[in-house]
$ cat coords02.cif   # mmCIF, C-alpha atoms
data_model
loop_
_atom_site.label_atom_id
_atom_site.label_comp_id
_atom_site.auth_asym_id
_atom_site.auth_seq_id
_atom_site.Cartn_x
_atom_site.Cartn_y
_atom_site.Cartn_z
CA MET A 1 6.70 76.54 51.64
CA THR A 2 6.98 74.09 54.52
CA ASP A 3 8.34 76.85 56.82
CA THR A 4 4.74 78.14 57.05
CA LEU A 5 3.57 74.94 58.71
CA ARG A 6 2.79 74.89 62.43
CA ARG A 7 2.87 71.67 64.45
CA GLY A 8 0.84 71.00 67.56
CA TYR A 9 -0.54 68.43 69.97
CA ALA A 10 -4.03 68.47 71.40
CA PRO A 11 -5.16 66.56 74.50
CA SER A 12 -7.90 63.99 74.13
CA PRO A 13 -9.40 61.11 76.13
CA PHE A 14 -7.19 58.81 74.03
CA GLY A 15 -3.92 60.64 74.57
CA GLN A 16 -2.25 63.41 72.60
CA LEU A 17 -3.31 63.97 69.00
CA HIS A 18 -0.75 65.39 66.59
CA TYR A 19 -1.69 67.86 63.89
CA VAL A 20 -0.03 70.29 61.50
CA GLU A 21 -1.72 73.47 60.31
CA CYS A 22 -1.19 76.37 57.96
CA GLY A 23 -2.97 79.65 57.30
CA ALA A 24 -5.96 81.31 58.95
CA GLY A 25 -9.68 81.65 58.40
CA GLU A 26 -12.51 79.14 58.16
CA PRO A 27 -11.04 75.76 59.16
CA VAL A 28 -10.54 72.82 56.79
CA LEU A 29 -9.76 69.51 58.50
CA LEU A 30 -7.86 67.07 56.25
CA LEU A 31 -7.88 63.35 57.07
CA HIS A 32 -5.37 60.92 55.58
CA GLN A 33 -5.52 57.38 54.25
CA THR A 34 -4.24 54.24 55.99
CA PRO A 35 -1.45 53.83 57.09
CA ARG A 36 -0.34 57.38 56.38
CA SER A 37 0.04 60.53 58.45
CA TRP A 38 -0.37 64.27 57.92
CA THR A 39 2.53 64.15 55.45
CA GLU A 40 0.10 62.94 52.80
CA TYR A 41 -0.93 66.61 52.66
CA LEU A 42 2.58 68.06 52.93
CA ASP A 43 2.27 70.04 49.68
CA VAL A 44 -1.49 70.58 49.89
CA LEU A 45 -1.53 72.33 53.28
CA PRO A 46 0.26 75.55 52.25
CA LEU A 47 -2.00 75.88 49.20
CA VAL A 48 -5.25 75.40 51.10
CA GLY A 49 -3.76 77.59 53.82
CA THR A 50 -3.79 80.60 51.48
CA ALA A 51 -7.54 80.91 52.16
CA HIS A 52 -8.24 78.76 55.22
CA ARG A 53 -6.91 77.47 58.48
CA ALA A 54 -5.85 74.16 56.95
CA ILE A 55 -5.36 71.41 59.54
CA ALA A 56 -4.04 67.92 58.79
CA MET A 57 -4.22 65.57 61.77
CA ASP A 58 -2.59 62.23 62.38
CA THR A 59 -5.45 59.78 62.81
CA LEU A 60 -5.53 58.10 66.21
CA GLY A 61 -3.11 55.18 66.07
CA PHE A 62 -1.03 56.62 63.22
CA GLY A 63 1.78 59.10 62.73
CA ALA A 64 2.68 60.91 65.94
CA SER A 65 -0.80 60.61 67.50
CA ALA A 66 -1.47 58.37 70.50
CA LYS A 67 -1.58 54.63 69.86
CA PRO A 68 -4.64 52.93 71.42
CA THR A 69 -4.30 49.35 72.61
CA GLY A 70 -7.85 48.34 71.74
CA PRO A 71 -9.22 47.50 68.30
CA HIS A 72 -9.33 50.12 65.59
CA SER A 73 -12.68 51.23 64.17
CA ILE A 74 -13.98 54.11 62.08
CA GLU A 75 -16.10 55.17 65.04
CA LEU A 76 -13.02 55.32 67.27
CA PHE A 77 -11.09 57.32 64.67
CA ALA A 78 -14.03 59.72 64.48
CA ASP A 79 -14.18 59.97 68.28
CA ALA A 80 -10.58 61.15 68.30
CA ALA A 81 -11.05 63.52 65.35
CA GLY A 82 -14.07 64.99 67.16
CA ALA A 83 -11.93 65.45 70.25
CA LEU A 84 -9.40 67.38 68.16
CA VAL A 85 -12.15 69.54 66.65
CA ASP A 86 -13.36 70.45 70.13
CA ALA A 87 -9.86 70.96 71.54
CA LEU A 88 -9.05 73.40 68.74
CA GLY A 89 -12.37 75.20 69.17
CA LEU A 90 -13.59 74.60 65.62
CA GLU A 91 -17.22 75.68 65.74
CA ARG A 92 -17.78 75.23 62.01
CA PHE A 93 -15.40 73.52 59.60
CA HIS A 94 -14.97 71.88 56.22
CA LEU A 95 -13.98 68.21 55.93
CA VAL A 96 -11.59 66.67 53.40
CA GLY A 97 -10.88 62.97 53.58
CA HIS A 98 -8.78 60.71 51.35
CA HIS A 99 -9.42 56.93 51.25
CA THR A 100 -9.75 55.91 54.94
CA GLY A 101 -9.85 59.62 55.79
CA GLY A 102 -12.94 59.93 53.63
CA VAL A 103 -14.65 57.15 55.54
CA ILE A 104 -13.84 58.94 58.80
CA ALA A 105 -15.20 62.15 57.24
CA VAL A 106 -18.50 60.37 56.53
CA GLU A 107 -18.86 59.46 60.19
CA LEU A 108 -17.89 62.97 61.34
CA ALA A 109 -20.32 64.62 58.91
CA ALA A 110 -23.12 62.36 60.13
CA ARG A 111 -22.37 63.33 63.74
CA TYR A 112 -21.64 67.07 63.36
CA GLN A 113 -24.37 68.01 60.91
CA ASP A 114 -24.76 71.68 61.87
CA ARG A 115 -21.04 72.26 62.28
CA VAL A 116 -19.83 70.79 58.98
CA ALA A 117 -19.81 73.41 56.22
CA SER A 118 -18.92 71.01 53.40
CA VAL A 119 -17.47 67.58 52.74
CA LEU A 120 -14.97 66.52 50.08
CA LEU A 121 -14.58 62.74 49.77
CA SER A 122 -11.44 61.84 47.84
CA ALA A 123 -11.11 58.27 46.53
CA THR A 124 -13.35 57.14 49.37
CA PRO A 125 -14.42 53.49 49.26
CA PHE A 126 -18.17 52.95 49.32
CA ILE A 127 -18.89 50.38 52.03
CA ASP A 128 -22.13 48.44 51.73
CA ASP A 129 -23.41 44.97 52.63
CA GLU A 130 -21.44 43.38 49.80
CA LYS A 131 -18.15 44.98 50.90
CA ARG A 132 -18.71 43.91 54.50
CA ARG A 133 -19.76 40.37 53.51
CA THR A 134 -16.62 39.82 51.41
CA ALA A 135 -14.20 41.59 53.77
CA ALA A 136 -12.63 38.37 55.03
CA GLU A 137 -11.88 37.26 51.46
CA ARG A 138 -9.80 40.33 50.61
CA LYS A 139 -6.01 40.10 50.56
CA PRO A 140 -3.98 42.23 52.97
CA VAL A 141 -2.96 45.57 51.51
CA ASP A 142 0.24 46.43 53.40
CA HIS A 143 0.90 43.54 55.78
CA VAL A 144 4.41 42.08 55.60
CA VAL A 145 6.20 39.68 57.92
CA PRO A 146 9.39 41.24 59.37
CA LYS A 147 12.52 39.30 58.38
CA ALA A 148 15.99 39.39 59.86
CA ASP A 149 17.58 40.35 56.52
CA GLY A 150 15.26 43.32 56.07
CA SER A 151 13.77 41.96 52.85
CA HIS A 152 10.30 42.84 54.15
CA LEU A 153 11.18 46.49 53.54
CA LEU A 154 11.52 45.87 49.82
CA GLU A 155 8.33 43.82 49.88
CA LEU A 156 6.46 46.72 51.49
CA TRP A 157 7.97 49.17 49.00
CA ASN A 158 6.95 46.99 46.05
CA ARG A 159 3.38 46.61 47.31
CA ARG A 160 2.88 50.36 46.75
CA ARG A 161 5.44 51.02 44.00
CA GLY A 162 2.92 50.66 41.19
CA PHE A 163 0.86 53.57 42.51
CA TYR A 164 3.76 56.02 42.04
CA GLU A 165 5.38 57.24 38.85
CA GLU A 166 9.11 57.47 38.29
CA GLY A 167 10.37 60.55 40.09
CA GLN A 168 7.82 60.31 42.91
CA GLU A 169 10.04 58.27 45.20
CA ALA A 170 10.09 60.99 47.88
CA ALA A 171 6.36 60.48 48.39
CA LEU A 172 6.84 56.72 48.49
CA ASN A 173 9.57 57.22 51.10
CA ARG A 174 7.05 59.12 53.24
CA PHE A 175 4.65 56.20 52.89
CA MET A 176 7.38 53.83 54.09
CA VAL A 177 8.08 55.96 57.18
CA ASP A 178 4.37 56.02 58.06
CA ALA A 179 3.86 52.29 57.45
CA LEU A 180 6.92 51.27 59.44
CA THR A 181 5.77 53.44 62.34
CA VAL A 182 2.70 51.20 62.73
CA LEU A 183 4.04 48.00 61.15
CA ASP A 184 2.64 45.75 63.89
CA ARG A 185 -0.89 47.11 63.19
CA VAL A 186 -0.47 48.31 59.61
CA GLU A 187 -3.50 46.44 58.27
CA GLU A 188 -6.03 47.39 60.94
CA GLY A 189 -7.09 50.65 59.33
CA HIS A 190 -8.08 48.80 56.16
CA GLU A 191 -9.95 46.23 58.22
CA ALA A 192 -11.82 48.98 60.09
CA VAL A 193 -12.96 50.45 56.78
CA ARG A 194 -14.36 47.12 55.59
CA ARG A 195 -16.40 46.67 58.78
CA TYR A 196 -17.91 50.15 58.79
CA GLY A 197 -21.67 50.60 58.38
CA MET A 198 -21.29 53.50 55.97
CA ASP A 199 -24.55 53.00 54.10
CA GLN A 200 -26.44 53.38 57.37
CA ARG A 201 -24.72 56.71 58.14
CA LEU A 202 -24.94 58.42 54.76
CA PRO A 203 -28.60 59.50 55.24
CA ASP A 204 -27.48 61.55 58.27
CA ILE A 205 -25.15 63.76 56.20
CA THR A 206 -26.65 67.18 55.58
CA ALA A 207 -23.60 69.12 54.34
CA ARG A 208 -23.08 69.60 50.63
CA THR A 209 -20.69 66.90 49.44
CA LEU A 210 -18.33 66.42 46.52
CA ALA A 211 -16.80 63.02 45.68
CA VAL A 212 -13.61 62.99 43.59
CA CYS A 213 -11.15 60.34 42.47
CA ALA A 214 -8.00 59.94 40.40
CA PRO A 215 -8.57 58.08 37.12
CA GLY A 216 -5.88 55.52 37.94
CA ASP A 217 -7.37 54.63 41.32
CA HIS A 218 -9.47 51.68 40.16
CA TYR A 219 -10.08 50.66 43.78
CA SER A 220 -12.20 53.73 44.55
CA LEU A 221 -13.29 55.07 41.16
CA PRO A 222 -16.48 52.93 41.02
CA GLY A 223 -17.57 54.52 44.31
CA LEU A 224 -18.25 57.89 42.67
CA ALA A 225 -21.49 56.71 41.09
CA LYS A 226 -22.57 55.07 44.35
CA PHE A 227 -21.98 58.25 46.37
CA ALA A 228 -23.87 60.25 43.76
CA ALA A 229 -26.82 57.87 44.04
CA ALA A 230 -26.77 57.76 47.85
CA LEU A 231 -26.18 61.47 48.53
CA GLY A 232 -27.23 63.21 45.35
CA CYS A 233 -23.79 64.77 45.42
CA GLU A 234 -21.56 66.06 42.66
CA THR A 235 -18.64 63.95 41.46
CA ARG A 236 -15.44 64.70 39.62
CA VAL A 237 -12.60 62.67 38.09
CA LEU A 238 -9.25 64.41 38.46
CA SER A 239 -6.88 64.88 35.53
CA GLY A 240 -4.47 62.13 36.58
CA GLY A 241 -2.91 60.31 39.48
CA HIS A 242 -3.47 57.12 41.43
CA VAL A 243 -4.00 56.20 45.08
CA PRO A 244 -1.60 58.91 46.40
CA VAL A 245 -3.16 61.71 44.33
CA PRO A 246 -2.83 64.46 47.02
CA GLU A 247 0.94 64.00 46.71
CA GLN A 248 0.97 63.48 42.95
CA LEU A 249 -1.23 66.45 42.02
CA PRO A 250 -1.15 68.77 45.06
CA GLU A 251 -1.94 71.92 43.05
CA GLU A 252 -4.99 70.40 41.38
CA PHE A 253 -6.13 68.74 44.60
CA ALA A 254 -5.84 72.00 46.55
CA LYS A 255 -7.63 73.93 43.79
CA VAL A 256 -10.57 71.53 43.98
CA VAL A 257 -10.66 71.93 47.78
CA LEU A 258 -10.57 75.73 47.54
CA GLU A 259 -13.25 75.87 44.84
CA TRP A 260 -15.55 73.53 46.76
CA THR A 261 -15.18 75.26 50.11
CA ALA A 262 -15.78 78.66 48.45
CA ARG A 263 -19.07 77.62 46.91
CA GLY A 264 -20.94 77.83 50.19
#

$ encode --input "coords02.cif" --output "structure tokens"
Amino acid sequence: MTDTLRRGYAPSPFGQLHYVECGAGEPVLLLHQTPRSWTEYLDVLPLVGTAHRAIAMDTLGFGASAKPTGPHSIELFADAAGALVDALGLERFHLVGHHTGGVIAVELAARYQDRVASVLLSATPFIDDEKRRTAAERKPVDHVVPKADGSHLLELWNRRRGFYEEGQEAALNRFMVDALTVLDRVEEGHEAVRRYGMDQRLPDITARTLAVCAPGDHYSLPGLAKFAAALGCETRVLSGGHVPVPEQLPEEFAKVVLEWTARG
């Protein structure tokens, strides 16, 4: 199915932004987690593309998109995503964000109220005063110190291995490629999430919103109730999976996207 995918670069004030798209129709912009790239949606894109113009971008600083020299922030990521939206001429679009991508989707939905048709927040962390206050106490997620014997590669692999089942090593390989591409700044996306003033932006979201999470993703699962309380939105627990659920259950993930976007 990957032969239906179309790659492109869009100009922006930050440099070129890389994206991959599939299909035609009302656009759906898919935003990935840290430190991934569009390949998180490799198997989801063709399925969503059966009914939409499905677009998965590489977040600024990740994948094949431009690498800024300044500090990362959710606001900066959203600036770049907004630049892509404008460059592609997306007048009205749906948003899908997974983990960090969901946090970026919150900021975009707060900014582009009239242009966002719907929002799907997948395994999105809920950032409030408590999360920001304790950010400095949290252990690094993906940071490893490069070593001459290459043992840091196994360390990085093992940090994520528990999220993947046996037989899902191809997806874990894609994670490794993405993480190694930004190894010198691999942790900054997580740090940007923990600093973000999400709770102050949620009241500005006017689009109908659905929050979903895999049952094994204990990092983000508690956030469903918090999003429901803050937004009055619907929530759903998927049938299985962990942190990389778009790769583990692409058919179910795409079905949820298609059902939610069609409800408008």

$ atom_distance --input "coords02.cif" --atom1 "CA of Thr100 (chain A)" --atom2 "CA of Thr4 (chain A)"
26.6 Å

$ residues_around --input "coords02.cif" --residues "Asp43 (chain A)" --least-positions-apart "6" --cutoff "10 Å" --atoms "only C-alpha atoms" --output "PyMOL selection string"
chain A and resi 1-2+246-251+253-254

$ write_last_selection --input "coords02.cif" --atoms "C-alpha atoms" --output "PDB file, in the coordinates of the input"
ATOM      1  CA  MET A   1       6.700  76.540  51.640  1.00  0.00           C
ATOM      2  CA  THR A   2       6.980  74.090  54.520  1.00  0.00           C
ATOM      3  CA  PRO A 246      -2.830  64.460  47.020  1.00  0.00           C
ATOM      4  CA  GLU A 247       0.940  64.000  46.710  1.00  0.00           C
ATOM      5  CA  GLN A 248       0.970  63.480  42.950  1.00  0.00           C
ATOM      6  CA  LEU A 249      -1.230  66.450  42.020  1.00  0.00           C
ATOM      7  CA  PRO A 250      -1.150  68.770  45.060  1.00  0.00           C
ATOM      8  CA  GLU A 251      -1.940  71.920  43.050  1.00  0.00           C
ATOM      9  CA  PHE A 253      -6.130  68.740  44.600  1.00  0.00           C
ATOM     10  CA  ALA A 254      -5.840  72.000  46.550  1.00  0.00           C
TER      11      ALA A 254
END

$ axis_aligned_box --input "coords02.cif" --around "region 191-194 of chain A" --padding-each-side "3 Å" --output "lines of an AutoDock Vina configuration file"
center_x = -12.2
center_y = 48.3
center_z = 57.8
size_x = 10.4
size_y = 10.2
size_z = 10.5

$ residues_around --input "coords02.cif" --residues "Pro35 (chain A)" --least-positions-apart "5" --cutoff "9 Å" --atoms "only C-alpha atoms" --output "PyMOL selection string"
chain A and resi 62-63+100+142+175+178-179+181-183+186-190

$ closest_atom_pairs --input "coords02.cif" --of "region 103-202 of chain A" --to "region 90-98 of chain A" --cutoff "8 Å" --atoms "all atoms listed in the file" --output "CSV"
residue,atom,partner,partner_atom,distance
A:Val103,CA,A:Gly97,CA,7.2
A:Ile104,CA,A:Gly97,CA,7.2
A:Ala105,CA,A:Gly97,CA,5.7
A:Ala109,CA,A:Leu95,CA,7.9
A:Asp114,CA,A:Arg92,CA,7.8
A:Arg115,CA,A:Arg92,CA,4.4
A:Val116,CA,A:Phe93,CA,5.2
A:Ala117,CA,A:His94,CA,5.1
A:Ser118,CA,A:His94,CA,4.9
A:Val119,CA,A:Leu95,CA,4.8
A:Leu120,CA,A:Val96,CA,4.7
A:Leu121,CA,A:Gly97,CA,5.3
A:Ser122,CA,A:His98,CA,4.5
A:Ala123,CA,A:His98,CA,5.9
A:Thr124,CA,A:His98,CA,6.1

$ atom_distance --input "coords02.cif" --atom1 "CA of Tyr196 (chain A)" --atom2 "CA of Trp157 (chain A)"
27.7 Å

$ resolve_selection --input "coords02.cif" --expression "the PyMOL selection byres ((chain A and resi 238) around 8)" --output "ChimeraX atom specification"
/A:212-215,236-237,239-241,252

$ atom_distance --input "coords02.cif" --atom1 "CA of Arg194 (chain A)" --atom2 "CA of Ser220 (chain A)"
13.0 Å

$ closest_residue --input "coords02.cif" --among "A:Lys67, A:Arg161, A:His52, A:His32" --to "Glu259 (chain A)" --atoms "only C-alpha atoms"
A:His52

$ closest_residue --input "coords02.cif" --among "A:Asp79, A:Asp86, A:Asp128, A:Glu40" --to "Phe14 (chain A)" --atoms "only C-alpha atoms"
A:Asp79

$ resolve_selection --input "coords02.cif" --expression "the PyMOL selection byres ((chain A and resi 16-26) around 6)" --output "VMD selection string"
chain A and resid 5 to 12 15 27 46 49 to 50 52 to 58 64 to 66

$ residues_around --input "coords02.cif" --residues "Val141 (chain A)" --least-positions-apart "3" --cutoff "10 Å" --atoms "only C-alpha atoms" --output "VMD selection string"
chain A and resid 34 138 144 156 159 to 160 186 to 187 190 to 191

$ closest_residue --input "coords02.cif" --among "A:His99, A:Val28, A:Pro71, A:Thr39" --to "Val85 (chain A)" --atoms "all atoms listed in the file"
A:Val28

$ residues_around --input "coords02.cif" --residues "Pro146 (chain A)" --least-positions-apart "5" --cutoff "12 Å" --atoms "all atoms listed in the file" --output "PDB file with C-alpha atoms, in the coordinates of the input"
ATOM      1  CA  SER A 151      13.770  41.960  52.850  1.00  0.00           C
ATOM      2  CA  HIS A 152      10.300  42.840  54.150  1.00  0.00           C
ATOM      3  CA  LEU A 153      11.180  46.490  53.540  1.00  0.00           C
ATOM      4  CA  LEU A 154      11.520  45.870  49.820  1.00  0.00           C
ATOM      5  CA  GLU A 155       8.330  43.820  49.880  1.00  0.00           C
ATOM      6  CA  LEU A 156       6.460  46.720  51.490  1.00  0.00           C
ATOM      7  CA  LEU A 180       6.920  51.270  59.440  1.00  0.00           C
ATOM      8  CA  LEU A 183       4.040  48.000  61.150  1.00  0.00           C
ATOM      9  CA  ASP A 184       2.640  45.750  63.890  1.00  0.00           C
TER      10      ASP A 184
END

$ closest_residue --input "coords02.cif" --among "A:Gly223, A:Ser73, A:Trp260, A:Gly216" --to "Gly162 (chain A)" --atoms "only C-alpha atoms"
A:Gly216

$ residues_near_point --input "coords02.cif" --point "(-19.8, 46.4, 55.9)" --cutoff "12 Å" --atoms "all atoms listed in the file" --output "PDB file with C-alpha atoms, keeping the file's coordinate frame"
ATOM      1  CA  SER A  73     -12.680  51.230  64.170  1.00  0.00           C
ATOM      2  CA  ILE A  74     -13.980  54.110  62.080  1.00  0.00           C
ATOM      3  CA  VAL A 103     -14.650  57.150  55.540  1.00  0.00           C
ATOM      4  CA  PRO A 125     -14.420  53.490  49.260  1.00  0.00           C
ATOM      5  CA  PHE A 126     -18.170  52.950  49.320  1.00  0.00           C
ATOM      6  CA  ILE A 127     -18.890  50.380  52.030  1.00  0.00           C
ATOM      7  CA  ASP A 128     -22.130  48.440  51.730  1.00  0.00           C
ATOM      8  CA  ASP A 129     -23.410  44.970  52.630  1.00  0.00           C
ATOM      9  CA  GLU A 130     -21.440  43.380  49.800  1.00  0.00           C
ATOM     10  CA  LYS A 131     -18.150  44.980  50.900  1.00  0.00           C
ATOM     11  CA  ARG A 132     -18.710  43.910  54.500  1.00  0.00           C
ATOM     12  CA  ARG A 133     -19.760  40.370  53.510  1.00  0.00           C
ATOM     13  CA  THR A 134     -16.620  39.820  51.410  1.00  0.00           C
ATOM     14  CA  ALA A 135     -14.200  41.590  53.770  1.00  0.00           C
ATOM     15  CA  ALA A 136     -12.630  38.370  55.030  1.00  0.00           C
ATOM     16  CA  HIS A 190      -8.080  48.800  56.160  1.00  0.00           C
ATOM     17  CA  GLU A 191      -9.950  46.230  58.220  1.00  0.00           C
ATOM     18  CA  ALA A 192     -11.820  48.980  60.090  1.00  0.00           C
ATOM     19  CA  VAL A 193     -12.960  50.450  56.780  1.00  0.00           C
ATOM     20  CA  ARG A 194     -14.360  47.120  55.590  1.00  0.00           C
ATOM     21  CA  ARG A 195     -16.400  46.670  58.780  1.00  0.00           C
ATOM     22  CA  TYR A 196     -17.910  50.150  58.790  1.00  0.00           C
ATOM     23  CA  GLY A 197     -21.670  50.600  58.380  1.00  0.00           C
ATOM     24  CA  MET A 198     -21.290  53.500  55.970  1.00  0.00           C
ATOM     25  CA  ASP A 199     -24.550  53.000  54.100  1.00  0.00           C
ATOM     26  CA  GLN A 200     -26.440  53.380  57.370  1.00  0.00           C
ATOM     27  CA  ARG A 201     -24.720  56.710  58.140  1.00  0.00           C
TER      28      ARG A 201
END
